[in-house]
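Structure file structure04.csv with CSV, C-alpha atoms:
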```csv
chain,number,residue,atom,x,y,z
A,1,MET,CA,-3.5,99.5,5.2
A,2,PHE,CA,-1.4,97.5,2.8
A,3,GLY,CA,-2.1,93.9,3.8
A,4,LEU,CA,1.4,93.2,5.1
A,5,ALA,CA,1.0,89.6,6.1
A,6,LEU,CA,2.3,87.8,9.1
A,7,VAL,CA,4.1,85.6,6.7
A,8,LEU,CA,6.6,88.5,6.7
A,9,LEU,CA,7.3,87.4,10.3
A,10,VAL,CA,7.6,83.7,9.8
A,11,GLY,CA,8.9,83.5,6.2
A,12,CYS,CA,8.9,79.8,5.3
A,13,ALA,CA,9.3,78.7,8.9
A,14,THR,CA,6.3,76.3,9.0
A,15,PRO,CA,4.8,74.3,6.2
A,16,PRO,CA,1.3,75.2,5.1
A,17,THR,CA,-1.6,73.1,6.2
A,18,LYS,CA,-3.4,71.6,3.3
A,19,ALA,CA,-7.1,72.2,2.8
A,20,PRO,CA,-9.1,68.9,2.9
A,21,GLY,CA,-10.8,67.4,-0.1
A,22,GLN,CA,-9.8,70.1,-2.6
A,23,ARG,CA,-9.5,68.9,-6.2
A,24,ALA,CA,-9.0,70.8,-9.4
A,25,PRO,CA,-12.5,71.6,-10.7
A,26,SER,CA,-13.6,70.5,-14.1
A,27,ILE,CA,-13.4,73.2,-16.7
A,28,ASP,CA,-16.6,74.3,-18.5
A,29,SER,CA,-15.3,74.7,-22.0
A,30,SER,CA,-18.7,76.0,-23.2
A,31,ILE,CA,-18.0,79.3,-21.5
A,32,PRO,CA,-15.6,81.7,-23.2
A,33,ALA,CA,-12.4,82.7,-21.5
A,34,THR,CA,-12.5,86.0,-19.5
A,35,SER,CA,-11.3,89.1,-21.2
A,36,PHE,CA,-9.3,90.0,-18.0
A,37,ASN,CA,-5.6,89.2,-18.6
A,38,SER,CA,-3.0,88.6,-16.0
A,39,PRO,CA,0.8,88.1,-16.5
A,40,ILE,CA,1.0,85.7,-13.5
A,41,ALA,CA,-2.3,83.7,-13.6
A,42,THR,CA,-4.6,81.8,-15.9
A,43,PHE,CA,-8.4,81.7,-15.6
A,44,SER,CA,-10.7,78.9,-16.5
A,45,ALA,CA,-14.5,79.1,-16.3
A,46,VAL,CA,-16.3,76.7,-14.0
A,47,ALA,CA,-19.9,76.0,-13.0
A,48,TRP,CA,-21.0,77.1,-9.5
A,49,GLN,CA,-21.6,73.6,-8.3
A,50,GLN,CA,-17.9,72.8,-9.0
A,51,ILE,CA,-16.7,75.2,-6.4
A,52,PRO,CA,-16.3,73.4,-3.0
A,53,GLY,CA,-18.3,75.2,-0.3
A,54,TRP,CA,-20.1,77.6,-2.6
A,55,GLN,CA,-23.5,76.2,-1.8
A,56,GLU,CA,-22.8,76.2,2.0
A,57,ASP,CA,-21.5,79.7,2.4
A,58,ASP,CA,-23.9,82.4,3.8
A,59,LEU,CA,-23.3,84.8,1.0
A,60,SER,CA,-25.4,87.5,2.7
A,61,ALA,CA,-22.5,87.8,5.3
A,62,ALA,CA,-20.3,89.0,2.4
A,63,TRP,CA,-22.9,91.5,1.1
A,64,PRO,CA,-21.8,94.6,3.1
A,65,ALA,CA,-18.2,94.0,1.9
A,66,TRP,CA,-19.4,93.7,-1.7
A,67,LEU,CA,-21.3,97.0,-1.4
A,68,GLU,CA,-18.1,98.7,-0.1
A,69,SER,CA,-16.3,97.3,-3.2
A,70,CYS,CA,-19.0,98.6,-5.5
A,71,LYS,CA,-18.7,102.2,-4.0
A,72,ALA,CA,-15.0,102.3,-4.9
A,73,MET,CA,-15.1,100.3,-8.1
A,74,VAL,CA,-17.7,102.4,-9.8
A,75,LYS,CA,-15.6,105.5,-9.1
A,76,ARG,CA,-12.4,103.9,-10.2
A,77,ASN,CA,-13.6,102.1,-13.3
A,78,SER,CA,-15.3,103.5,-16.3
A,79,THR,CA,-16.1,100.1,-17.7
A,80,ARG,CA,-19.8,99.4,-18.0
A,81,SER,CA,-19.5,95.8,-16.6
A,82,TRP,CA,-18.7,96.8,-13.0
A,83,SER,CA,-21.2,99.7,-13.1
A,84,GLY,CA,-23.9,97.3,-14.4
A,85,VAL,CA,-23.5,94.7,-11.7
A,86,CYS,CA,-23.2,97.3,-9.0
A,87,ASP,CA,-26.4,99.1,-10.2
A,88,ARG,CA,-28.2,95.8,-10.0
A,89,ALA,CA,-27.0,95.2,-6.5
A,90,LYS,CA,-29.1,98.2,-5.4
A,91,THR,CA,-32.2,96.1,-6.2
A,92,VAL,CA,-31.2,93.2,-4.0
A,93,SER,CA,-32.2,92.6,-0.4
A,94,GLY,CA,-28.9,91.9,1.3
A,95,SER,CA,-30.6,90.3,4.2
A,96,ASN,CA,-32.1,87.6,2.0
A,97,PRO,CA,-29.5,84.8,1.5
A,98,GLN,CA,-31.4,83.3,-1.5
A,99,ALA,CA,-31.6,86.7,-3.2
A,100,VAL,CA,-27.9,87.4,-2.7
A,101,ARG,CA,-27.0,83.9,-4.1
A,102,ARG,CA,-29.3,84.5,-7.2
A,103,TYR,CA,-27.6,87.8,-7.8
A,104,PHE,CA,-24.1,86.5,-7.8
A,105,GLU,CA,-24.9,83.5,-9.9
A,106,ASP,CA,-26.9,85.6,-12.4
A,107,VAL,CA,-24.5,88.4,-13.0
A,108,PHE,CA,-21.1,86.8,-12.4
A,109,GLN,CA,-19.0,84.0,-14.0
A,110,ALA,CA,-16.6,82.1,-11.7
A,111,TYR,CA,-13.1,81.4,-13.0
A,112,ALA,CA,-10.6,79.0,-11.3
A,113,ILE,CA,-7.3,80.6,-10.9
A,114,ARG,CA,-4.1,78.8,-11.8
A,115,SER,CA,-0.6,80.2,-11.1
A,116,ASN,CA,1.5,80.6,-14.2
A,117,SER,CA,4.8,80.1,-12.2
A,118,THR,CA,3.8,76.8,-10.5
A,119,GLY,CA,1.1,75.5,-12.9
A,120,SER,CA,-1.0,74.8,-9.8
A,121,GLU,CA,-4.5,75.9,-8.6
A,122,THR,CA,-3.3,75.6,-5.0
A,123,GLY,CA,-1.4,78.5,-3.4
A,124,LEU,CA,-0.7,80.1,0.0
A,125,VAL,CA,-3.2,81.8,2.3
A,126,THR,CA,-1.9,83.7,5.2
A,127,GLY,CA,-3.7,86.0,7.7
A,128,TYR,CA,-3.5,89.6,9.0
A,129,TYR,CA,-5.3,91.7,11.4
A,130,GLU,CA,-5.5,95.2,12.9
A,131,PRO,CA,-3.7,95.4,16.3
A,132,ILE,CA,-5.2,97.3,19.2
A,133,MET,CA,-2.9,98.4,22.0
A,134,ASN,CA,-3.1,100.6,25.1
A,135,GLY,CA,-1.2,103.8,24.9
A,136,SER,CA,-0.8,107.5,25.7
A,137,ARG,CA,-0.5,110.8,23.9
A,138,ALA,CA,2.6,111.6,26.1
A,139,ARG,CA,5.4,109.5,27.3
A,140,THR,CA,4.9,108.1,30.8
A,141,SER,CA,6.7,105.5,33.0
A,142,ARG,CA,4.3,102.9,31.5
A,143,TYR,CA,4.2,104.0,27.9
A,144,THR,CA,7.8,104.4,26.7
A,145,VAL,CA,7.7,103.1,23.1
A,146,PRO,CA,6.9,105.7,20.4
A,147,LEU,CA,5.0,105.3,17.1
A,148,TYR,CA,6.3,107.8,14.7
A,149,GLY,CA,4.9,110.0,12.0
A,150,TYR,CA,6.7,110.6,8.7
A,151,PRO,CA,9.7,112.8,9.3
A,152,ALA,CA,9.0,116.4,8.3
A,153,ALA,CA,12.5,116.8,6.9
A,154,TRP,CA,11.8,113.9,4.5
A,155,SER,CA,8.7,115.6,3.1
A,156,ARG,CA,11.0,118.2,1.6
A,157,ASN,CA,14.1,116.1,0.8
A,158,LYS,CA,13.5,112.4,1.1
A,159,PRO,CA,16.6,110.1,1.0
A,160,ASN,CA,16.1,106.9,-1.0
A,161,PRO,CA,16.7,104.7,0.8
A,162,GLY,CA,16.6,106.3,4.2
A,163,PRO,CA,18.6,105.2,7.2
A,164,ALA,CA,18.0,101.6,8.4
A,165,ARG,CA,16.1,101.1,11.6
A,166,ALA,CA,19.2,100.8,13.8
A,167,GLU,CA,20.5,104.1,12.6
A,168,LEU,CA,17.1,105.8,12.9
A,169,MET,CA,16.9,104.7,16.5
A,170,GLU,CA,20.3,106.0,17.4
A,171,SER,CA,19.9,109.4,15.6
A,172,ASN,CA,17.8,112.5,16.4
A,173,LEU,CA,16.0,112.4,13.1
A,174,LEU,CA,12.7,111.2,14.5
A,175,ARG,CA,12.7,113.5,17.5
A,176,GLY,CA,9.4,115.5,17.5
A,177,SER,CA,7.7,113.0,15.2
A,178,GLU,CA,6.2,110.9,18.0
A,179,LEU,CA,2.5,110.4,17.5
A,180,VAL,CA,1.6,108.2,20.5
A,181,TRP,CA,3.4,106.1,23.1
A,182,VAL,CA,2.8,102.4,23.8
A,183,GLU,CA,4.2,99.7,26.1
A,184,ASP,CA,5.7,97.0,24.0
A,185,PRO,CA,8.4,97.4,21.3
A,186,VAL,CA,7.6,94.0,19.8
A,187,ALA,CA,3.9,94.8,19.6
A,188,ALA,CA,4.8,98.1,18.0
A,189,ALA,CA,6.9,96.2,15.4
A,190,PHE,CA,4.0,93.9,14.7
A,191,MET,CA,1.8,97.0,14.1
A,192,GLN,CA,4.4,98.3,11.6
A,193,ILE,CA,4.2,95.0,9.7
A,194,GLN,CA,0.4,95.2,9.7
A,195,GLY,CA,0.5,98.8,8.4
A,196,SER,CA,-2.2,100.2,10.8
A,197,GLY,CA,-3.7,99.8,14.2
A,198,LYS,CA,-5.7,101.3,17.1
A,199,ILE,CA,-4.5,102.8,20.3
A,200,LYS,CA,-6.8,102.9,23.3
A,201,LEU,CA,-6.0,105.7,25.8
A,202,ASP,CA,-6.6,105.3,29.5
A,203,ASP,CA,-9.7,107.5,29.3
A,204,GLY,CA,-11.2,105.1,26.8
A,205,THR,CA,-10.6,107.2,23.7
A,206,VAL,CA,-9.6,105.1,20.7
A,207,LEU,CA,-7.1,106.6,18.2
A,208,ARG,CA,-6.7,105.0,14.8
A,209,PHE,CA,-3.4,105.2,12.8
A,210,GLY,CA,-2.8,104.3,9.2
A,211,PHE,CA,0.3,103.7,7.0
A,212,ALA,CA,2.2,106.9,6.1
A,213,GLY,CA,5.4,105.6,4.4
A,214,THR,CA,8.6,103.8,5.1
A,215,ASN,CA,12.4,104.4,5.0
A,216,GLU,CA,12.4,102.4,1.7
A,217,GLN,CA,14.7,99.8,3.2
A,218,PRO,CA,14.1,96.1,2.3
A,219,PHE,CA,12.1,94.0,4.8
A,220,LYS,CA,14.1,91.2,6.5
A,221,SER,CA,12.3,88.8,8.8
A,222,PHE,CA,13.4,88.9,12.4
A,223,ALA,CA,11.8,85.5,12.8
A,224,GLN,CA,14.3,84.2,10.3
A,225,TRP,CA,17.0,86.0,12.3
A,226,LEU,CA,15.9,84.1,15.4
A,227,LEU,CA,15.9,80.8,13.5
A,228,ASN,CA,19.3,81.4,12.0
A,229,LYS,CA,20.7,82.0,15.5
A,230,GLY,CA,19.0,78.9,16.9
A,231,GLU,CA,17.0,81.0,19.3
A,232,ILE,CA,13.6,79.5,18.3
A,233,THR,CA,12.4,76.4,16.5
A,234,ARG,CA,10.4,76.4,13.3
A,235,SER,CA,7.2,75.6,15.2
A,236,GLN,CA,7.9,78.7,17.4
A,237,ALA,CA,8.4,81.0,14.4
A,238,THR,CA,5.0,82.7,14.9
A,239,MET,CA,3.9,86.0,16.3
A,240,GLN,CA,3.1,84.3,19.6
A,241,GLY,CA,6.5,82.5,19.6
A,242,ILE,CA,8.4,85.7,18.9
A,243,GLN,CA,6.6,87.5,21.8
A,244,SER,CA,7.5,84.7,24.1
A,245,TRP,CA,11.1,84.9,23.1
A,246,ALA,CA,11.1,88.6,23.7
A,247,LYS,CA,9.7,88.2,27.2
A,248,ARG,CA,12.5,85.8,28.0
A,249,ASN,CA,15.2,88.0,26.4
A,250,PRO,CA,14.3,91.7,27.1
A,251,ARG,CA,17.8,92.9,26.7
A,252,ARG,CA,18.1,91.5,23.1
A,253,VAL,CA,14.8,92.8,21.8
A,254,GLU,CA,16.4,95.8,20.1
A,255,GLU,CA,19.0,93.6,18.5
A,256,MET,CA,16.3,91.4,17.1
A,257,LEU,CA,14.2,94.3,15.8
A,258,ASN,CA,17.2,95.9,14.2
A,259,ALA,CA,17.7,92.7,12.1
A,260,ASN,CA,14.9,94.2,10.0
A,261,PRO,CA,16.2,97.5,8.5
A,262,ARG,CA,12.7,98.5,7.3
A,263,PHE,CA,10.8,101.1,9.3
A,264,VAL,CA,7.2,102.1,8.9
A,265,PHE,CA,5.7,105.5,9.8
A,266,PHE,CA,2.1,106.2,10.7
A,267,LYS,CA,-0.5,109.0,10.4
A,268,ALA,CA,-3.5,109.7,12.6
A,269,LEU,CA,-6.8,109.0,10.8
A,270,PRO,CA,-9.7,111.5,11.1
A,271,SER,CA,-11.6,111.4,14.4
A,272,ASN,CA,-14.9,111.1,12.6
A,273,VAL,CA,-13.9,107.6,11.3
A,274,SER,CA,-15.9,105.1,13.4
A,275,PRO,CA,-13.6,102.9,15.6
A,276,ASP,CA,-16.0,100.1,14.8
A,277,LEU,CA,-15.0,100.1,11.1
A,278,GLY,CA,-12.1,98.0,9.8
A,279,PRO,CA,-8.9,99.7,8.6
A,280,ILE,CA,-8.9,101.2,5.2
A,281,GLY,CA,-7.5,98.9,2.5
A,282,ALA,CA,-5.8,99.7,-0.8
A,283,LEU,CA,-9.2,100.0,-2.4
A,284,GLY,CA,-10.0,102.9,-0.1
A,285,VAL,CA,-12.8,101.3,1.8
A,286,PRO,CA,-13.0,99.8,5.3
A,287,LEU,CA,-12.0,96.1,5.5
A,288,THR,CA,-14.6,93.6,6.7
A,289,ALA,CA,-13.5,91.0,9.2
A,290,GLU,CA,-13.3,87.5,7.5
A,291,ARG,CA,-14.7,88.9,4.2
A,292,SER,CA,-11.8,90.9,2.9
A,293,ILE,CA,-8.5,89.7,1.5
A,294,ALA,CA,-5.3,91.2,0.2
A,295,VAL,CA,-4.2,89.9,-3.2
A,296,ASP,CA,-1.5,90.4,-5.8
A,297,LEU,CA,-3.0,93.0,-8.2
A,298,LYS,CA,-1.1,91.4,-11.1
A,299,ALA,CA,-3.5,88.5,-10.6
A,300,MET,CA,-6.9,90.1,-10.3
A,301,PRO,CA,-8.7,93.4,-10.2
A,302,LEU,CA,-8.8,95.3,-6.9
A,303,GLY,CA,-12.3,95.1,-5.4
A,304,ALA,CA,-13.4,92.0,-7.2
A,305,PRO,CA,-15.3,89.2,-5.5
A,306,VAL,CA,-13.2,86.0,-4.9
A,307,PHE,CA,-14.2,82.7,-3.4
A,308,ILE,CA,-11.5,81.0,-1.4
A,309,ALA,CA,-11.3,77.4,-0.2
A,310,THR,CA,-8.7,76.8,2.6
A,311,THR,CA,-8.6,75.7,6.2
A,312,ARG,CA,-8.5,77.5,9.5
A,313,PRO,CA,-5.1,78.1,11.1
A,314,LEU,CA,-3.3,75.0,12.3
A,315,SER,CA,-6.2,72.7,11.5
A,316,LYS,CA,-8.0,70.8,8.8
A,317,GLN,CA,-11.3,72.5,9.4
A,318,ALA,CA,-12.6,73.9,6.1
A,319,LEU,CA,-12.8,77.7,5.6
A,320,ARG,CA,-14.7,78.3,2.4
A,321,ARG,CA,-16.3,81.6,1.7
A,322,LEU,CA,-16.9,84.6,-0.5
A,323,VAL,CA,-14.5,87.5,0.1
A,324,MET,CA,-13.6,90.7,-1.6
A,325,ALA,CA,-10.1,91.6,-2.9
A,326,GLN,CA,-9.9,95.0,-1.1
A,327,ASP,CA,-6.3,95.2,-0.2
A,328,THR,CA,-2.7,94.4,-1.3
A,329,GLY,CA,0.7,94.2,0.1
A,330,THR,CA,4.4,93.8,-0.7
A,331,ALA,CA,4.4,90.2,0.7
A,332,ILE,CA,1.3,89.2,-1.3
A,333,VAL,CA,2.9,87.9,-4.5
A,334,GLY,CA,1.6,85.2,-6.8
A,335,GLY,CA,-1.3,84.1,-9.0
A,336,VAL,CA,-3.0,82.0,-6.2
A,337,ARG,CA,-2.1,84.1,-3.1
A,338,ALA,CA,-4.3,85.7,-0.5
A,339,ASP,CA,-3.9,87.4,2.9
A,340,TYR,CA,-7.1,86.8,4.9
A,341,TYR,CA,-8.2,89.7,7.1
A,342,TRP,CA,-9.3,88.3,10.5
A,343,GLY,CA,-10.4,91.6,12.2
A,344,THR,CA,-9.2,93.7,15.1
A,345,GLY,CA,-7.6,92.9,18.4
A,346,ASP,CA,-5.9,90.0,20.2
A,347,ALA,CA,-8.3,87.2,19.1
A,348,ALA,CA,-7.9,88.1,15.5
A,349,GLY,CA,-4.2,88.4,16.0
A,350,GLU,CA,-4.0,84.9,17.5
A,351,LEU,CA,-5.6,83.5,14.3
A,352,ALA,CA,-3.7,85.7,11.9
A,353,GLY,CA,-0.4,84.9,13.5
A,354,ARG,CA,-0.8,81.2,13.0
A,355,MET,CA,-2.4,81.1,9.6
A,356,LYS,CA,-0.3,79.7,6.8
A,357,GLN,CA,-2.5,77.3,4.8
A,358,ASP,CA,-2.9,75.9,1.3
A,359,GLY,CA,-5.9,77.2,-0.6
A,360,GLN,CA,-7.6,77.6,-3.9
A,361,MET,CA,-9.3,80.7,-5.3
A,362,TRP,CA,-12.0,81.5,-7.8
A,363,LEU,CA,-12.3,85.0,-9.3
A,364,LEU,CA,-15.8,86.3,-10.0
A,365,LEU,CA,-16.1,88.6,-13.0
A,366,PRO,CA,-19.2,90.2,-14.5
A,367,LYS,CA,-20.7,88.2,-17.4
```
Using the file provided, produce a representation of the structure as structure tokens.
Amino acid sequence: MFGLALVLLVGCATPPTKAPGQRAPSIDSSIPATSFNSPIATFSAVAWQQIPGWQEDDLSAAWPAWLESCKAMVKRNSTRSWSGVCDRAKTVSGSNPQAVRRYFEDVFQAYAIRSNSTGSETGLVTGYYEPIMNGSRARTSRYTVPLYGYPAAWSRNKPNPGPARAELMESNLLRGSELVWVEDPVAAAFMQIQGSGKIKLDDGTVLRFGFAGTNEQPFKSFAQWLLNKGEITRSQATMQGIQSWAKRNPRRVEEMLNANPRFVFFKALPSNVSPDLGPIGALGVPLTAERSIAVDLKAMPLGAPVFIATTRPLSKQALRRLVMAQDTGTAIVGGVRADYYWGTGDAAGELAGRMKQDGQMWLLLPK
């Protein structure tokens, strides 16, 4: 899973919704600057009470996600700082909200993040999710749209870039690489953008597929293609709006999908992976619904705790909580930039497809 945000679909089609009541926090100059350096962001130490929503969030809800980060970060990092805070986490009762809060406030320092390119502490927060679709291991009259594995021929001699989507669909190159069959070509395209998904077979078996590679073509938004042709309005440039257009124009769906030359291939994940777990993010651990985000790794360390203050999709309702930077993606670019993982299935997709909000972020680093 690479955190490919639904902003890929909508580009700049709709303006972000600003989070209410967010002001730049006062900087605590008595705390030294962090030793973590970023080419795209600046960090300024702040006190916990200066972070909007910090005292209201149930931090114990983020504890399982933090333990997953610890597992990976201790293996990936030889620095004593991460090992130390993760060792201390073993002594904390994760079901005790007060104990979890004391832990984070005792061992971490919070830093407000400012984008070097814009000079602002406010950036973009989008959403993503893990699709789940009905499907079949074999083509049927109902399931006619294949999801493909990486072409065997490319494993030996990979072109760079490979053929664009339209050429791939017209060629025989992908024949024999079909992994599973689904109903809806647009839903399959959304799964390519997300980078992973689940397929539920008619017998109830759930198969999970992850990202295996691409044809190395650039991504081009088919939402923007629809906008340029006057087929949809800016308010309709969402996942839901695109699906509605496709239902009204079934004969033009392939034309729309071919506007994006990029093509994503999948691989079947082991059957011993619990279907209840989230997809595997770039950190190598399962993502946790509403407690994992994808970030720009030029801005912060993979796995680190981050507090975000934004709003729920298409609303002014505050969304302020502790999350873990466990994923990344090609569309996630910027010092103050997050892609919020909503979870699996249609309900999560509804939220992810509409999320394009302003937000602020605070990076938590070991003291």
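Computed from the coordinates, the CA of Ala152 (chain A) to CA of Phe209 (chain A) distance equals 17.3 Å.
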Can you tell me which residues surround Leu287 (chain A) at a distance of at most 10 Å, considering all atoms listed in the file, apart from same-chain residues fewer than 3 positions away, and format the answer as a PyMOL selection string? chain A and resi 1+65+68-69+129-130+277-284+290-294+324-327+341-343
Edge lengths and centre, in Å to one decimal, as JSON: that's what I need for the box along x, y and z that holds all listed atoms of region 76-91 of chain A plus 5 Å on each side.
```
{"center_x": -22.3, "center_y": 99.3, "center_z": -11.7, "size_x": 29.8, "size_y": 19.2, "size_z": 22.6}
```
Which residues come within 6 Å of region 173-184 of chain A, counting only C-alpha atoms, excluding same-chain residues fewer than 4 positions away, as a compact mmCIF listing (two decimals) with C-alpha atoms, keeping the file's coordinate frame?
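The resulting file, around-v2.txt, is reproduced below:
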```
# COMPACT_ATOMS: atom_id res chain seq x y z
CA GLY A 135 -1.20 103.80 24.90
CA SER A 136 -0.80 107.50 25.70
CA ARG A 137 -0.50 110.80 23.90
CA ARG A 139 5.40 109.50 27.30
CA TYR A 143 4.20 104.00 27.90
CA THR A 144 7.80 104.40 26.70
CA VAL A 145 7.70 103.10 23.10
CA PRO A 146 6.90 105.70 20.40
CA LEU A 147 5.00 105.30 17.10
CA TYR A 148 6.30 107.80 14.70
CA GLY A 149 4.90 110.00 12.00
```
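The space between CA of Arg165 (chain A) and CA of Pro185 (chain A) spans 12.9 Å.
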I need the residue nearest Arg101 (chain A) from this list: A:Asp203, A:Ala246, A:Ala41, A:Asp57. Use only C-alpha atoms for the distance. A:Asp57
Is it possible to get the residues within 12 Å of (-20.8, 75.2, -6.4) (coordinates as in the file, counting only C-alpha atoms) written as a list of chain:residue names? A:Pro25, A:Ser26, A:Val46, A:Ala47, A:Trp48, A:Gln49, A:Gln50, A:Ile51, A:Pro52, A:Gly53, A:Trp54, A:Gln55, A:Glu56, A:Asp57, A:Arg101, A:Phe104, A:Glu105, A:Gln109, A:Ala110, A:Tyr111, A:Ala112, A:Phe307, A:Ala309, A:Arg320, A:Arg321, A:Leu322, A:Trp362
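The interatomic distance for the pair CA of Gly241 (chain A) and CA of Gly210 (chain A) works out to 25.9 Å.
Taking only C-alpha atoms, the non-local environment of Leu297 (chain A) within 9 Å (same-chain residues fewer than 4 positions away omitted) comprises Ser38, Pro301, Leu302, Ala325, Asp327, Thr328, Ile332 and Val333 of chain A.
For the choices A:Ile193, A:Ile113, A:Ile308, A:Ala212, the atom-to-atom distance to Ala45 (chain A) is smallest for A:Ile113 when using all atoms listed in the file.
You can rank A:Leu201, A:Leu351, A:Met133, A:Ala304 by their closest distance to Pro366 (chain A) using only C-alpha atoms, and at the top of that list sits A:Ala304.
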Could you list, as a compact mmCIF listing (two decimals) with C-alpha atoms, in the frame of the given file, every residue within 8 Å of Lys367 (chain A), counting all atoms listed in the file and ignoring same-chain residues fewer than 5 positions away?
```
# COMPACT_ATOMS: atom_id res chain seq x y z
CA SER A 81 -19.50 95.80 -16.60
CA VAL A 107 -24.50 88.40 -13.00
CA PHE A 108 -21.10 86.80 -12.40
CA GLN A 109 -19.00 84.00 -14.00
```
Of A:Pro250, A:Gly303, A:Gly334, A:Gly162, the one nearest to Val186 (chain A) when counting only C-alpha atoms is A:Pro250
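Minimum atom-to-atom distance to Lys71 (chain A), evaluated using only C-alpha atoms, belongs to A:Lys90 out of A:Lys90, A:Gln192, A:Asp58, A:Gly353.
Take the candidates A:Ala89, A:Ala268, A:Leu319, A:Met355 and check each one against Pro64 (chain A) using all atoms listed in the file; the shortest distance goes to A:Ala89.
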Write out as a PDB file with C-alpha atoms, in the frame of the given file the residues lying within 10 Å of Arg262 (chain A), counting all atoms listed in the file and excluding same-chain residues fewer than 4 positions away.
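Saved to part-v6.pdb:
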```pdb
ATOM      1  CA  PRO A 161      16.700 104.700   0.800  1.00  0.00           C
ATOM      2  CA  GLY A 162      16.600 106.300   4.200  1.00  0.00           C
ATOM      3  CA  PRO A 163      18.600 105.200   7.200  1.00  0.00           C
ATOM      4  CA  ALA A 164      18.000 101.600   8.400  1.00  0.00           C
ATOM      5  CA  ARG A 165      16.100 101.100  11.600  1.00  0.00           C
ATOM      6  CA  ALA A 166      19.200 100.800  13.800  1.00  0.00           C
ATOM      7  CA  GLN A 192       4.400  98.300  11.600  1.00  0.00           C
ATOM      8  CA  ILE A 193       4.200  95.000   9.700  1.00  0.00           C
ATOM      9  CA  THR A 214       8.600 103.800   5.100  1.00  0.00           C
ATOM     10  CA  ASN A 215      12.400 104.400   5.000  1.00  0.00           C
ATOM     11  CA  GLU A 216      12.400 102.400   1.700  1.00  0.00           C
ATOM     12  CA  GLN A 217      14.700  99.800   3.200  1.00  0.00           C
ATOM     13  CA  PRO A 218      14.100  96.100   2.300  1.00  0.00           C
ATOM     14  CA  PHE A 219      12.100  94.000   4.800  1.00  0.00           C
ATOM     15  CA  LYS A 220      14.100  91.200   6.500  1.00  0.00           C
ATOM     16  CA  SER A 221      12.300  88.800   8.800  1.00  0.00           C
ATOM     17  CA  LEU A 257      14.200  94.300  15.800  1.00  0.00           C
ATOM     18  CA  ASN A 258      17.200  95.900  14.200  1.00  0.00           C
TER      19      ASN A 258
END
```
